[in-house]
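K.L.:
Structure file input-v7.cif (mmCIF, C-alpha atoms) is given on the next line.
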data_entry
#
loop_
_atom_site.group_PDB
_atom_site.id
_atom_site.type_symbol
_atom_site.label_atom_id
_atom_site.label_comp_id
_atom_site.auth_asym_id
_atom_site.auth_seq_id
_atom_site.Cartn_x
_atom_site.Cartn_y
_atom_site.Cartn_z
ATOM 1 C CA MET M 3 92.662 61.126 161.546
ATOM 2 C CA ALA M 4 94.028 60.943 157.990
ATOM 3 C CA ARG M 5 97.591 62.004 157.286
ATOM 4 C CA ILE M 6 97.817 65.542 155.966
ATOM 5 C CA PRO M 7 99.873 65.688 152.756
ATOM 6 C CA ALA M 8 102.375 68.441 152.020
ATOM 7 C CA LEU M 9 104.082 70.089 149.090
ATOM 8 C CA ILE M 10 107.099 72.362 149.534
ATOM 9 C CA VAL M 11 107.540 74.982 146.802
ATOM 10 C CA SER M 12 110.747 76.977 146.802
ATOM 11 C CA HIS M 13 113.344 78.891 144.857
ATOM 12 C CA ALA M 14 116.259 76.831 143.540
ATOM 13 C CA ASP M 15 116.690 73.494 145.364
ATOM 14 C CA LEU M 16 115.781 74.668 148.860
ATOM 15 C CA ALA M 17 112.753 72.369 149.094
ATOM 16 C CA GLY M 18 114.730 69.238 148.319
ATOM 17 C CA ALA M 19 117.552 70.308 150.600
ATOM 18 C CA LEU M 20 115.127 70.912 153.459
ATOM 19 C CA VAL M 21 113.671 67.427 153.083
ATOM 20 C CA ARG M 22 117.151 65.878 152.992
ATOM 21 C CA ALA M 23 118.097 67.820 156.122
ATOM 22 C CA ALA M 24 114.872 66.770 157.853
ATOM 23 C CA ALA M 25 115.494 63.133 156.920
ATOM 24 C CA SER M 26 118.873 63.281 158.609
ATOM 25 C CA VAL M 27 117.087 64.151 161.844
ATOM 26 C CA TYR M 28 113.725 62.405 161.462
ATOM 27 C CA GLY M 29 114.555 59.377 159.343
ATOM 28 C CA PRO M 30 113.100 58.361 155.981
ATOM 29 C CA ILE M 31 110.330 60.724 154.849
ATOM 30 C CA GLU M 32 107.280 59.774 152.808
ATOM 31 C CA ASP M 33 104.376 61.792 151.442
ATOM 32 C CA VAL M 34 106.182 65.116 151.153
ATOM 33 C CA GLU M 35 106.579 66.467 147.625
ATOM 34 C CA CYS M 36 109.080 69.099 146.537
ATOM 35 C CA LEU M 37 108.914 71.582 143.689
ATOM 36 C CA SER M 38 111.382 74.222 142.525
ATOM 37 C CA ASN M 39 110.169 77.295 140.644
ATOM 38 C CA GLU M 40 113.245 77.275 138.390
ATOM 39 C CA GLY M 41 112.418 77.707 134.746
ATOM 40 C CA PHE M 42 108.668 78.029 135.246
ATOM 41 C CA SER M 43 106.582 80.904 133.998
ATOM 42 C CA ARG M 44 103.870 81.955 136.403
ATOM 43 C CA PRO M 45 101.053 80.048 134.626
ATOM 44 C CA ALA M 46 103.223 76.943 134.315
ATOM 45 C CA LEU M 47 104.197 76.971 137.994
ATOM 46 C CA GLU M 48 100.598 77.489 139.053
ATOM 47 C CA SER M 49 99.511 74.555 136.877
ATOM 48 C CA GLU M 50 102.212 72.325 138.317
ATOM 49 C CA ILE M 51 101.181 73.117 141.894
ATOM 50 C CA GLU M 52 97.511 72.672 141.004
ATOM 51 C CA ARG M 53 98.229 69.285 139.439
ATOM 52 C CA ARG M 54 99.804 68.083 142.662
ATOM 53 C CA VAL M 55 97.281 69.436 145.177
ATOM 54 C CA SER M 56 94.330 68.257 143.082
ATOM 55 C CA GLY M 57 95.231 64.743 144.228
ATOM 56 C CA TRP M 58 94.540 65.605 147.857
ATOM 57 C CA PRO M 59 90.936 64.541 148.576
ATOM 58 C CA HIS M 60 90.925 65.956 152.103
ATOM 59 C CA GLY M 61 93.195 68.938 151.567
ATOM 60 C CA GLY M 62 96.750 69.554 152.663
ATOM 61 C CA ILE M 63 99.442 72.147 153.243
ATOM 62 C CA VAL M 64 101.559 73.937 150.649
ATOM 63 C CA PHE M 65 104.728 75.187 152.288
ATOM 64 C CA ILE M 66 106.328 78.202 150.573
ATOM 65 C CA ASP M 67 109.806 79.607 151.166
ATOM 66 C CA PHE M 68 108.761 83.246 151.523
ATOM 67 C CA TRP M 69 105.807 85.548 151.223
ATOM 68 C CA GLY M 70 105.618 87.538 148.011
ATOM 69 C CA GLY M 71 107.630 85.402 145.604
ATOM 70 C CA SER M 72 106.320 83.556 142.565
ATOM 71 C CA CYS M 73 106.022 80.415 144.707
ATOM 72 C CA PHE M 74 103.663 82.357 146.958
ATOM 73 C CA THR M 75 101.418 83.860 144.297
ATOM 74 C CA CYS M 76 101.206 80.574 142.383
ATOM 75 C CA GLY M 77 100.600 78.582 145.565
ATOM 76 C CA VAL M 78 97.779 80.869 146.653
ATOM 77 C CA SER M 79 96.223 80.744 143.193
ATOM 78 C CA ALA M 80 96.422 76.934 143.036
ATOM 79 C CA ALA M 81 94.944 76.593 146.534
ATOM 80 C CA ARG M 82 91.982 78.799 145.737
ATOM 81 C CA GLY M 83 88.682 76.986 146.281
ATOM 82 C CA ARG M 84 90.318 73.929 147.884
ATOM 83 C CA GLU M 85 90.895 72.689 151.415
ATOM 84 C CA VAL M 86 94.515 73.649 150.994
ATOM 85 C CA VAL M 87 96.372 76.007 153.316
ATOM 86 C CA VAL M 88 99.434 77.982 152.193
ATOM 87 C CA LEU M 89 102.073 78.518 154.874
ATOM 88 C CA THR M 90 105.069 80.742 154.104
ATOM 89 C CA GLY M 91 108.482 80.829 155.764
ATOM 90 C CA ILE M 92 109.193 77.088 155.824
ATOM 91 C CA ASN M 93 112.287 76.192 157.809
ATOM 92 C CA LEU M 94 113.737 73.018 159.304
ATOM 93 C CA PRO M 95 112.042 73.250 162.731
ATOM 94 C CA THR M 96 108.685 73.808 161.040
ATOM 95 C CA LEU M 97 109.150 70.868 158.699
ATOM 96 C CA LEU M 98 110.179 68.594 161.558
ATOM 97 C CA ASP M 99 107.146 69.585 163.583
ATOM 98 C CA TYR M 100 104.940 68.885 160.584
ATOM 99 C CA LEU M 101 106.405 65.401 160.241
ATOM 100 C CA HIS M 102 105.772 64.620 163.901
ATOM 101 C CA ASN M 103 102.203 65.916 163.918
ATOM 102 C CA ARG M 104 100.732 65.413 160.453
ATOM 103 C CA ASP M 105 98.552 62.493 161.561
ATOM 104 C CA GLY M 106 96.834 64.137 164.513
ATOM 105 C CA TYR M 107 95.291 67.418 163.407
ATOM 106 C CA SER M 108 92.915 68.941 160.910
ATOM 107 C CA VAL M 109 94.561 70.861 158.078
ATOM 108 C CA VAL M 110 93.766 74.263 159.546
ATOM 109 C CA GLU M 111 94.730 73.238 163.103
ATOM 110 C CA LEU M 112 98.056 71.851 161.952
ATOM 111 C CA ALA M 113 98.823 74.899 159.805
ATOM 112 C CA GLU M 114 98.164 77.194 162.765
ATOM 113 C CA ARG M 115 100.356 75.038 165.015
ATOM 114 C CA LEU M 116 103.175 75.168 162.461
ATOM 115 C CA ARG M 117 102.892 78.934 162.070
ATOM 116 C CA GLN M 118 103.409 79.282 165.815
ATOM 117 C CA LYS M 119 106.252 76.738 165.861
ATOM 118 C CA GLY M 120 107.963 78.559 163.017
ATOM 119 C CA GLN M 121 107.789 81.862 164.850
ATOM 120 C CA GLU M 122 109.048 80.237 168.070
ATOM 121 C CA SER M 123 111.981 78.714 166.169
ATOM 122 C CA PHE M 124 113.696 82.083 165.911
ATOM 123 C CA ARG M 125 115.630 82.650 169.086
ATOM 124 C CA LEU M 126 118.484 84.957 169.935
ATOM 125 C CA GLN M 127 121.284 83.671 172.127
ATOM 126 C CA ARG M 128 123.696 86.385 173.178
ATOM 127 C CA SER M 129 127.051 85.634 174.717
ATOM 128 C CA PRO M 130 127.574 86.925 178.260
ATOM 129 C CA ALA M 131 129.449 90.205 178.388
ATOM 130 C CA ALA M 132 133.193 89.672 178.522
ATOM 131 C CA MET V 24 111.922 110.761 140.948
ATOM 132 C CA SER V 25 109.098 108.344 140.154
ATOM 133 C CA TRP V 26 109.930 105.748 137.468
ATOM 134 C CA VAL V 27 113.002 103.829 138.500
ATOM 135 C CA LEU V 28 112.289 100.536 136.714
ATOM 136 C CA HIS V 29 110.238 99.424 133.721
ATOM 137 C CA ARG V 30 110.342 95.623 133.633
ATOM 138 C CA ILE V 31 109.075 92.827 131.395
ATOM 139 C CA ASP V 32 108.598 89.700 133.509
ATOM 140 C CA ASP V 33 105.997 86.964 133.090
ATOM 141 C CA ARG V 34 105.960 86.422 136.863
ATOM 142 C CA LEU V 35 104.993 90.086 137.460
ATOM 143 C CA ILE V 36 105.499 90.675 141.215
ATOM 144 C CA HIS V 37 107.854 88.072 142.656
ATOM 145 C CA GLY V 38 111.024 87.651 144.687
ATOM 146 C CA GLN V 39 113.485 89.282 142.301
ATOM 147 C CA VAL V 40 111.250 92.320 141.983
ATOM 148 C CA VAL V 41 110.368 92.781 145.636
ATOM 149 C CA VAL V 42 113.600 91.607 147.262
ATOM 150 C CA ALA V 43 116.448 92.258 144.798
ATOM 151 C CA TRP V 44 115.239 95.321 142.878
ATOM 152 C CA GLY V 45 113.076 96.485 145.759
ATOM 153 C CA GLN V 46 115.922 96.581 148.256
ATOM 154 C CA ARG V 47 118.135 98.368 145.741
ATOM 155 C CA LEU V 48 115.668 100.977 144.475
ATOM 156 C CA ASN V 49 113.145 101.175 147.328
ATOM 157 C CA PRO V 50 109.967 101.889 145.319
ATOM 158 C CA GLN V 51 106.923 103.402 146.956
ATOM 159 C CA ARG V 52 104.617 102.166 144.204
ATOM 160 C CA ILE V 53 104.463 99.197 141.821
ATOM 161 C CA TRP V 54 102.268 99.541 138.758
ATOM 162 C CA VAL V 55 101.280 96.149 137.339
ATOM 163 C CA VAL V 56 100.083 96.786 133.805
ATOM 164 C CA ASP V 57 98.044 93.773 132.813
ATOM 165 C CA ASP V 58 94.529 93.823 131.396
ATOM 166 C CA ALA V 59 93.700 90.311 132.637
ATOM 167 C CA SER V 60 94.826 90.957 136.217
ATOM 168 C CA ALA V 61 93.157 94.358 136.302
ATOM 169 C CA SER V 62 89.808 92.816 135.425
ATOM 170 C CA GLY V 63 89.643 90.554 138.487
ATOM 171 C CA ALA V 64 89.298 91.694 142.110
ATOM 172 C CA TRP V 65 90.820 88.479 143.451
ATOM 173 C CA GLU V 66 93.917 88.780 141.249
ATOM 174 C CA ARG V 67 94.324 92.453 142.139
ATOM 175 C CA GLU V 68 94.172 91.602 145.831
ATOM 176 C CA LEU V 69 96.682 88.764 145.442
ATOM 177 C CA LEU V 70 99.189 90.991 143.662
ATOM 178 C CA SER V 71 98.696 93.765 146.201
ATOM 179 C CA SER V 72 99.368 91.373 149.078
ATOM 180 C CA SER V 73 102.599 90.201 147.435
ATOM 181 C CA ALA V 74 104.501 93.393 148.165
ATOM 182 C CA PRO V 75 103.913 94.375 151.799
ATOM 183 C CA GLY V 76 104.493 98.054 152.481
ATOM 184 C CA ILE V 77 104.364 99.057 148.815
ATOM 185 C CA ASP V 78 101.367 100.640 147.099
ATOM 186 C CA VAL V 79 100.506 98.168 144.307
ATOM 187 C CA ARG V 80 98.313 99.442 141.472
ATOM 188 C CA VAL V 81 96.998 96.877 139.001
ATOM 189 C CA VAL V 82 95.814 98.685 135.891
ATOM 190 C CA THR V 83 94.979 98.193 132.231
ATOM 191 C CA VAL V 84 97.291 99.229 129.407
ATOM 192 C CA THR V 85 94.955 102.113 128.574
ATOM 193 C CA ASP V 86 94.938 103.421 132.148
ATOM 194 C CA ALA V 87 98.701 103.025 132.507
ATOM 195 C CA ALA V 88 99.377 104.929 129.283
ATOM 196 C CA ARG V 89 97.093 107.738 130.450
ATOM 197 C CA GLU V 90 98.711 108.015 133.892
ATOM 198 C CA HIS V 91 102.331 107.327 132.951
ATOM 199 C CA ALA V 92 103.366 110.964 132.492
ATOM 200 C CA ALA V 93 101.704 112.115 135.726
ATOM 201 C CA GLU V 94 103.464 109.377 137.694
ATOM 202 C CA GLN V 95 106.775 110.630 136.271
ATOM 203 C CA SER V 96 106.589 113.717 138.466
ATOM 204 C CA ALA V 97 105.233 112.004 141.593
ATOM 205 C CA SER V 98 107.341 111.800 144.727
ATOM 206 C CA GLY V 99 109.139 108.562 145.567
ATOM 207 C CA GLY V 100 110.195 105.804 143.190
ATOM 208 C CA ALA V 101 107.905 103.592 141.142
ATOM 209 C CA PHE V 102 108.216 100.281 139.273
ATOM 210 C CA LEU V 103 106.188 99.366 136.210
ATOM 211 C CA LEU V 104 105.711 95.672 135.372
ATOM 212 C CA VAL V 105 104.311 94.023 132.253
ATOM 213 C CA ARG V 106 104.176 90.300 131.619
ATOM 214 C CA ASP V 107 105.364 90.220 127.976
ATOM 215 C CA LEU V 108 106.864 92.135 125.083
ATOM 216 C CA GLY V 109 103.485 92.539 123.419
ATOM 217 C CA THR V 110 102.119 94.429 126.408
ATOM 218 C CA ALA V 111 105.258 96.566 126.528
ATOM 219 C CA LEU V 112 104.719 97.507 122.884
ATOM 220 C CA ALA V 113 101.026 98.192 123.449
ATOM 221 C CA LEU V 114 101.901 100.516 126.309
ATOM 222 C CA VAL V 115 104.428 102.465 124.240
ATOM 223 C CA THR V 116 102.085 102.569 121.263
ATOM 224 C CA ALA V 117 99.343 103.928 123.540
ATOM 225 C CA GLY V 118 101.539 106.874 124.413
ATOM 226 C CA ALA V 119 103.674 105.976 127.406
ATOM 227 C CA ARG V 120 107.082 107.620 126.970
ATOM 228 C CA ILE V 121 109.416 104.805 127.952
ATOM 229 C CA THR V 122 113.007 104.719 126.768
ATOM 230 C CA ALA V 123 114.069 101.329 128.120
ATOM 231 C CA PHE V 124 112.691 98.102 129.544
ATOM 232 C CA ASN V 125 114.495 95.708 131.805
ATOM 233 C CA VAL V 126 113.784 92.198 130.451
ATOM 234 C CA GLY V 127 113.697 90.226 133.666
ATOM 235 C CA GLY V 128 112.066 86.928 132.779
ATOM 236 C CA LEU V 129 110.265 85.415 129.806
ATOM 237 C CA HIS V 130 110.200 81.739 130.636
ATOM 238 C CA TYR V 131 109.741 78.691 128.457
ATOM 239 C CA ALA V 132 106.379 77.914 126.934
ATOM 240 C CA PRO V 133 105.564 75.667 123.959
ATOM 241 C CA GLY V 134 106.602 77.356 120.707
ATOM 242 C CA LYS V 135 109.233 79.554 122.320
ATOM 243 C CA ASP V 136 112.945 79.021 121.936
ATOM 244 C CA LYS V 137 115.791 79.940 124.217
ATOM 245 C CA VAL V 138 117.873 83.057 123.673
ATOM 246 C CA HIS V 139 119.100 83.351 127.267
ATOM 247 C CA GLU V 140 118.886 81.412 130.517
ATOM 248 C CA PHE V 141 115.635 83.153 131.446
ATOM 249 C CA VAL V 142 114.449 84.543 128.102
ATOM 250 C CA TYR V 143 112.480 82.466 125.579
ATOM 251 C CA LEU V 144 110.873 84.040 122.520
ATOM 252 C CA ASP V 145 108.413 83.116 119.787
ATOM 253 C CA ALA V 146 107.608 84.939 116.538
ATOM 254 C CA ALA V 147 105.146 87.311 118.207
ATOM 255 C CA ASP V 148 107.681 88.200 120.909
ATOM 256 C CA ARG V 149 110.316 88.903 118.274
ATOM 257 C CA ALA V 150 107.958 91.092 116.275
ATOM 258 C CA ALA V 151 107.125 93.107 119.398
ATOM 259 C CA ALA V 152 110.808 93.397 120.324
ATOM 260 C CA ARG V 153 111.634 94.551 116.791
ATOM 261 C CA ALA V 154 108.920 97.210 116.943
ATOM 262 C CA LEU V 155 110.095 98.446 120.327
ATOM 263 C CA LEU V 156 113.713 98.686 119.193
ATOM 264 C CA ALA V 157 112.604 100.493 116.032
ATOM 265 C CA ARG V 158 110.930 103.066 118.278
ATOM 266 C CA GLY V 159 114.190 103.555 120.144
ATOM 267 C CA VAL V 160 113.170 101.617 123.251
ATOM 268 C CA ALA V 161 116.143 99.720 124.693
ATOM 269 C CA LEU V 162 115.605 96.136 125.866
ATOM 270 C CA ASN V 163 118.125 95.137 128.519
ATOM 271 C CA VAL V 164 118.187 91.539 129.713
ATOM 272 C CA GLN V 165 118.949 91.484 133.439
ATOM 273 C CA ASP V 166 117.232 89.458 136.153
ATOM 274 C CA VAL V 167 118.674 91.096 139.283
ATOM 275 C CA PRO V 168 120.716 94.266 139.946
ATOM 276 C CA ALA V 169 123.873 92.262 140.639
ATOM 277 C CA SER V 170 123.791 90.761 137.120
ATOM 278 C CA ARG V 171 125.285 92.468 134.097
ATOM 279 C CA PRO V 172 122.680 93.873 131.684
ATOM 280 C CA VAL V 173 122.870 92.561 128.117
ATOM 281 C CA ALA V 174 121.092 94.121 125.138
ATOM 282 C CA LEU V 175 118.485 91.697 123.807
ATOM 283 C CA GLU V 176 119.575 92.273 120.205
ATOM 284 C CA THR V 177 123.066 91.012 121.008
ATOM 285 C CA LEU V 178 121.547 87.703 122.142
ATOM 286 C CA ASP V 179 119.148 87.388 119.209
ATOM 287 C CA ARG V 180 119.966 89.483 116.135
ATOM 288 C CA SER V 181 116.633 88.611 114.555
ATOM 289 C CA VAL V 182 114.979 91.236 116.776
ATOM 290 C CA LEU V 183 116.979 94.008 115.129
ATOM 291 C CA PRO V 184 114.796 96.339 113.074
ATOM 292 C CA GLU V 185 115.364 95.827 109.330
ATOM 293 C CA SER V 186 117.040 99.209 108.938
ATOM 294 C CA ALA V 187 119.541 98.241 111.629
ATOM 295 C CA GLU V 188 120.493 94.898 110.085
ATOM 296 C CA PRO V 189 124.203 94.815 109.307
ATOM 297 C CA ALA V 190 125.152 94.453 105.649
ATOM 298 C CA PRO V 191 125.931 90.844 104.659
#
As structure tokens, what does this structure read like?

P.N.:
Amino acid sequence: MARIPALIVSHADLAGALVRAAASVYGPIEDVECLSNEGFSRPALESEIERRVSGWPHGGIVFIDFWGGSCFTCGVSAARGREVVVLTGINLPTLLDYLHNRDGYSVVELAERLRQKGQESFRLQRSPAA
Amino acid sequence: MSWVLHRIDDRLIHGQVVVAWGQRLNPQRIWVVDDASASGAWERELLSSSAPGIDVRVVTVTDAAREHAAEQSASGGAFLLVRDLGTALALVTAGARITAFNVGGLHYAPGKDKVHEFVYLDAADRAAARALLARGVALNVQDVPASRPVALETLDRSVLPESAEPAP
């Protein structure tokens, strides 16, 4: 199965920082692009995302930092009509799971797996009562 | 209560609006005044989905001007968003009684030059700003509530109406 490409779109430099953090755990990372929304108008950001995903012949995943921001609306608009899935709420566990599984799933199957992994990554550990 | 924010922002609904201003002012409705967005069902749905739990209304300038006064007396707070100064002027010209706009983001595009970190203007923007100021509409540059508002005319004196130009 072909490797599923990914683009991370975020506020400020979160996307790049996430990839650097993932590399410290996973090792060198290839085929993951990063894009910050800083300085972009909405049309310009949408065009920049569209330019990158248009090079994906078999689709891919656009990771977004959170639902509702400009990264989200532009990502959804750029993905329209393509085999591209938008997944919001990217965090380090989700990115690591993507890296370990991006060669073994279809785009939709992988996106669904990552959504579940992201949700499972939030855990609450309470200290025993004193 | 109703209108708690009138904002000019080329990103329309986005993080600063929903998270920063939204948490501070807790709007029940967001009116997106944009003829292009109002004309497309897909765009209306996208904008509506961007603000979970808030009633998003995507309307034309004409419709917004007609309903602006009625919204003023509605219960709960409301935001109004336009994407540029020209639309803000069109809305005021069409009859909406607005005394101030928050200028939240007018990003770089070819032909525009920088007057602030997140405000870039061209000749058409400046003409619209001048007309708004001449009508007594304040233009306050401020991206998020925690930032200090700055009057647009203090950043770019060319937007001052001619009658307000200081003597040389």

K.L.:
Neighbours of V:Val182 within 6 Å (only C-alpha atoms; same-chain residues fewer than 2 positions away dropped), as a list in words?

P.N.:
Arg149, Ala152, Arg153, Glu176 and Arg180 of chain V

K.L.:
For this file, the PyMOL selection byres ((chain V) within 10 of (chain M)) selects which residues, as a list of chain:residue names?

P.N.:
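Output of the PyMOL selection byres ((chain V) within 10 of (chain M)): V:Asp32, V:Asp33, V:Arg34, V:Leu35, V:Ile36, V:His37, V:Gly38, V:Gln39, V:Val40, V:Val41, V:Val42, V:Trp65, V:Glu66, V:Leu69, V:Leu70, V:Ser71, V:Ser72, V:Ser73, V:Ala74, V:Pro75, V:Arg106, V:Gly128, V:Leu129, V:His130, V:Tyr131, V:Ala132, V:Glu140, V:Phe141, V:Val142.
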
K.L.:
Suppose a student applies the PyMOL selection byres ((chain M and resi 49-54) around 12) to this structure; what residues should they get, written as a PyMOL selection string?

P.N.:
chain M and resi 7-12+33-39+42-48+55-59+61-66+72-84+86+88

K.L.:
Between atom CA of V:Gly109 and atom CA of V:Val126, what is the distance, to one decimal in Å?

P.N.:
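Between atom CA of V:Gly109 and atom CA of V:Val126 the gap works out to 12.5 Å.
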
K.L.:
Measuring atom to atom with all atoms listed in the file, identify which of V:Arg120, V:Arg67, V:His139, V:Arg30 is nearest to V:Ala93.

P.N.:
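Checking each of V:Arg120, V:Arg67, V:His139, V:Arg30 against V:Ala93, counting all atoms listed in the file, the winner is V:Arg120.
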
K.L.:
Using Å and a single decimal, report how far atom CA of V:Leu156 sits from atom CA of V:Ala113.

P.N.:
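Straight-line distance from atom CA of V:Ala113 to atom CA of V:Leu156 works out to 13.4 Å.
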
K.L.:
Give as a PyMOL selection string the residues that the PyMOL selection byres ((chain M and resi 97) around 12) matches when applied to the coordinates above.

P.N.:
chain M and resi 8-10+17-25+27-28+31+34+63-67+89-96+98-104+112-113+115-117+119-120+123

K.L.:
Please provide as a PDB file with C-alpha atoms, in the coordinates of the input all residues within 7 Å of stretch 157-171 of chain V, with the sequence filter that same-chain residues fewer than 3 positions apart are discarded (counting all atoms listed in the file).

P.N.:
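Okay, this is what ended up in part-v5.pdb:
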ATOM      1  CA  GLN V  39     113.485  89.282 142.301  1.00  0.00           C
ATOM      2  CA  ALA V  43     116.448  92.258 144.798  1.00  0.00           C
ATOM      3  CA  TRP V  44     115.239  95.321 142.878  1.00  0.00           C
ATOM      4  CA  ILE V 121     109.416 104.805 127.952  1.00  0.00           C
ATOM      5  CA  THR V 122     113.007 104.719 126.768  1.00  0.00           C
ATOM      6  CA  ALA V 123     114.069 101.329 128.120  1.00  0.00           C
ATOM      7  CA  PHE V 124     112.691  98.102 129.544  1.00  0.00           C
ATOM      8  CA  ASN V 125     114.495  95.708 131.805  1.00  0.00           C
ATOM      9  CA  VAL V 126     113.784  92.198 130.451  1.00  0.00           C
ATOM     10  CA  GLY V 127     113.697  90.226 133.666  1.00  0.00           C
ATOM     11  CA  GLY V 128     112.066  86.928 132.779  1.00  0.00           C
ATOM     12  CA  ARG V 153     111.634  94.551 116.791  1.00  0.00           C
ATOM     13  CA  ALA V 154     108.920  97.210 116.943  1.00  0.00           C
ATOM     14  CA  ALA V 174     121.092  94.121 125.138  1.00  0.00           C
ATOM     15  CA  LEU V 175     118.485  91.697 123.807  1.00  0.00           C
ATOM     16  CA  PRO V 184     114.796  96.339 113.074  1.00  0.00           C
TER      17      PRO V 184
END

K.L.:
Would you compute the distance between atom CA of V:Asp107 and atom CA of V:Asn49? Give it in Å to one decimal.

P.N.:
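Calculated distance between atom CA of V:Asp107 and atom CA of V:Asn49 is 23.6 Å.
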
K.L.:
Using all atoms listed in the file, which protein or nucleic acid residues come within 10 Å of V:Val84? Drop anything in the same chain fewer than 5 positions from it, and give the result as a list of chain:residue names.

P.N.:
V:Val55, V:Val56, V:Asp57, V:Asp58, V:Ala61, V:Arg89, V:Glu90, V:Val105, V:Thr110, V:Ala111, V:Ala113, V:Leu114, V:Val115, V:Ala117, V:Ala119

K.L.:
Padding of 4 Å on every side, edges along x, y and z, all listed atoms of stretch 155-160 of chain V included: what centre and edge lengths in Å, to one decimal, does that box have, as JSON?

P.N.:
{"center_x": 112.1, "center_y": 101.0, "center_z": 119.6, "size_x": 12.1, "size_y": 13.1, "size_z": 15.2}
